[in-house]
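Coordinates as given in model15.txt (compact mmCIF, C-alpha atoms):
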# COMPACT_ATOMS: atom_id res chain seq x y z
CA MET A 298 186.79 -52.31 78.89
CA GLU A 299 183.30 -50.89 78.86
CA GLY A 300 181.83 -52.34 82.04
CA LYS A 301 182.67 -52.10 85.68
CA ARG A 302 181.43 -55.57 86.64
CA LEU A 303 183.86 -58.50 86.65
CA TYR A 304 183.31 -62.24 86.59
CA VAL A 305 185.65 -64.02 89.01
CA GLY A 306 185.90 -67.75 88.37
CA ASN A 307 187.65 -70.80 89.78
CA LEU A 308 187.21 -69.74 93.38
CA THR A 309 187.48 -72.19 96.23
CA TYR A 310 184.11 -72.68 97.93
CA SER A 311 185.47 -71.36 101.23
CA VAL A 312 186.20 -67.85 99.88
CA LYS A 313 184.08 -65.14 101.50
CA GLU A 314 182.86 -61.88 100.00
CA ASP A 315 184.95 -59.75 102.37
CA GLN A 316 188.11 -61.58 101.19
CA LEU A 317 187.36 -60.69 97.57
CA ARG A 318 186.51 -57.12 98.56
CA ASP A 319 189.89 -56.77 100.27
CA LEU A 320 191.74 -58.31 97.32
CA PHE A 321 190.07 -56.13 94.67
CA SER A 322 190.21 -52.93 96.74
CA LYS A 323 193.94 -52.71 95.95
CA TYR A 324 192.85 -51.67 92.44
CA GLY A 325 190.18 -49.12 93.34
CA GLU A 326 186.80 -48.71 94.97
CA VAL A 327 184.77 -51.90 95.19
CA VAL A 328 181.06 -51.15 94.79
CA SER A 329 179.74 -54.68 95.34
CA VAL A 330 180.79 -58.31 95.69
CA LYS A 331 178.56 -61.34 95.14
CA ILE A 332 179.74 -64.93 95.45
CA ILE A 333 177.48 -67.61 94.02
CA GLU A 334 177.52 -70.22 96.77
CA GLN A 335 178.68 -73.74 95.93
CA LYS A 336 179.42 -72.75 92.32
CA GLY A 337 183.02 -71.51 92.56
CA PHE A 338 182.49 -68.10 91.00
CA GLY A 339 181.28 -64.62 91.77
CA PHE A 340 181.07 -61.04 90.61
CA VAL A 341 182.89 -57.90 91.68
CA GLU A 342 181.74 -54.44 90.62
CA MET A 343 184.31 -51.66 90.65
CA ALA A 344 183.53 -47.91 90.75
CA THR A 345 184.98 -47.21 87.28
CA SER A 346 185.77 -49.20 84.17
CA ASP A 347 189.44 -48.16 84.50
CA GLU A 348 189.57 -49.68 87.99
CA ALA A 349 187.87 -52.82 86.71
CA GLN A 350 190.45 -53.11 83.91
CA ALA A 351 193.30 -52.61 86.39
CA ALA A 352 191.91 -55.31 88.69
CA MET A 353 191.45 -57.72 85.78
CA ASP A 354 194.98 -57.05 84.50
CA GLY A 355 196.47 -57.42 87.97
CA LEU A 356 194.56 -60.45 89.23
CA ASN A 357 193.66 -62.64 86.24
CA GLN A 358 195.49 -65.99 86.34
CA THR A 359 196.86 -65.34 89.84
CA VAL A 360 196.58 -67.84 92.67
CA PHE A 361 194.17 -66.94 95.48
CA GLU A 362 193.46 -69.36 98.32
CA GLY A 363 195.15 -72.16 96.39
CA ARG A 364 193.27 -71.75 93.07
CA THR A 365 194.15 -69.86 89.90
CA MET A 366 191.45 -67.24 89.39
CA ARG A 367 189.95 -66.49 86.00
CA ILE A 368 188.76 -62.90 85.73
CA ASP A 369 186.86 -61.46 82.80
CA GLU A 370 184.36 -58.72 82.10
CA ALA A 371 180.94 -59.90 83.26
CA ARG A 372 178.42 -60.38 80.48
CA PRO A 373 174.83 -59.23 80.95
CA MET A 374 172.52 -61.96 82.14
CA GLN A 375 170.60 -63.46 79.25
CA PRO A 376 166.87 -64.12 79.61
CA ARG A 377 166.15 -67.81 80.05
CA ARG A 378 164.27 -69.59 77.31
CA GLU A 379 161.01 -71.30 78.17
CA TYR A 380 162.41 -74.82 77.83
CA ASP A 381 165.32 -73.97 80.14
CA ARG A 382 162.89 -73.53 83.03
CA GLY A 383 161.60 -77.07 82.87
CA SER A 384 158.13 -76.24 81.61
CA GLY A 385 156.52 -77.00 78.29
CA SER A 386 157.49 -79.68 75.84
CA GLY A 387 160.97 -81.11 75.79
CA SER A 388 161.39 -81.12 79.54
CA GLY A 389 160.85 -83.66 82.22
CA TYR A 390 162.14 -87.14 82.76
CA ASN A 391 161.37 -88.84 79.45
CA ARG A 392 164.14 -87.51 77.21
CA GLY A 393 164.64 -90.35 74.77
CA GLY A 394 165.49 -93.94 75.51
CA GLY A 395 163.01 -95.94 77.49
CA TYR A 396 161.00 -98.95 76.38
CA GLY A 397 159.82 -97.65 72.99
CA GLY A 398 163.09 -98.11 71.15
CA SER A 399 164.48 -101.08 69.26
CA ARG A 400 166.32 -102.42 72.29
CA ARG A 401 165.16 -105.79 73.64
CA TYR A 402 165.02 -106.30 77.40
Mind turning this structure into structure tokens?
Amino acid sequence: MEGKRLYVGNLTYSVKEDQLRDLFSKYGEVVSVKIIEQKGFGFVEMATSDEAQAAMDGLNQTVFEGRTMRIDEARPMQPRREYDRGSGSGSGYNRGGGYGGSRRY
């Protein structure tokens, strides 16, 4: 494993950052924890890549707070394309369908 940052998926929405910090600290020093609210996932950064690998090996596919966690190396965030932001052509409400087709109403 190259990175120290882990993706932690399939979390219950009630899990708090301090709970993840405590869980992952069994595998080394936890640098940071960030839960994405109402999405069911978060990120944990360990101090070293060896600690991150140990945490991933020890916790992936284990049950935490009633859900089976999925842990993987976090990928770098990709820049969003222009049309993903809802501006420019191809965005908005009129994405096909509507009155202009061959359908009779």
Original post:
Counting all atoms listed in the file, which of A:Thr345, A:Ser311, A:Phe338, A:Leu317 gets nearest to Asp369 in chain A?
Top reply: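 Looking at the shortest contact to Asp369 in chain A, the residue is A:Phe338.
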Original post:
Between CA of Leu308 in chain A and CA of Phe361 in chain A, what is the distance, to one decimal in Å?
Top reply: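 Between CA of Leu308 in chain A and CA of Phe361 in chain A the gap is 7.8 Å.
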Subject >> Nearest to Tyr310 in chain A, chosen from A:Val360, A:Val327, A:Ala352, A:Ile333, with only C-alpha atoms counted in the distances >> reply: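 Between A:Val360, A:Val327, A:Ala352, A:Ile333, the residue approaching Tyr310 in chain A most closely is A:Ile333.
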**OP:** Mind giving me the straight-line distance from CA of Asp319 in chain A to CA of Arg372 in chain A in Å, one decimal?
**Re:**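 For CA of Asp319 in chain A relative to CA of Arg372 in chain A, the distance reads 23.2 Å.
Distance-wise, CA of Tyr324 in chain A and CA of Glu299 in chain A end up 16.6 Å apart.
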**OP:** Find the residue from A:Arg367, A:Lys313, A:Arg318, A:Arg377 that sits nearest to Val341 in chain A; use all atoms listed in the file when measuring.
**Re:** A:Arg318
Subject >> A:Glu348, A:Ile368, A:Glu342, A:Leu356 ranked by distance to Val330 in chain A, top pick (using all atoms listed in the file) >> reply: A:Glu342
Residues near Thr309 in chain A, cut-off 7 Å, all atoms listed in the file, skip fewer than 6 positions along chain, as a JSON list (two decimals) with C-alpha atoms, in the frame of the given file:
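Result file follows (result-v5.json):
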[["chain", "number", "residue", "atom", "x", "y", "z"],
["A", 337, "GLY", "CA", 183.02, -71.51, 92.56],
["A", 362, "GLU", "CA", 193.46, -69.36, 98.32],
["A", 364, "ARG", "CA", 193.27, -71.75, 93.07]]
**OP:** Give the answer as one residue: which of A:Ser322, A:Ser346, A:Ser329, A:Asn357 has the shortest atom-to-atom distance to Gly306 in chain A, using all atoms listed in the file?
**Re:**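 Result for the nearest residue to Gly306 in chain A: A:Asn357.
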Original post:
Taking all atoms listed in the file into account, which of A:Val328, A:Lys336, A:Gln375, A:Leu320 comes nearest Met353 in chain A?
Top reply: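 For Met353 in chain A, the nearest of the candidates is A:Leu320.
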**OP:** List the neighbours of Asp347 in chain A out to 12 Å using only C-alpha atoms; skip same-chain residues closer than 2 positions along the sequence, and give me the result as number ranges by chain.
**Re:** A: 298-303, 324-326, 342-345, 349-354, 370
Test item: axis-aligned box, all listed atoms of range 362-368 of chain A, 8 Å on each side, centre and edges in Å rounded to one decimal, as JSON:
{"center_x": 192.0, "center_y": -67.5, "center_z": 92.0, "size_x": 22.4, "size_y": 25.3, "size_z": 28.6}
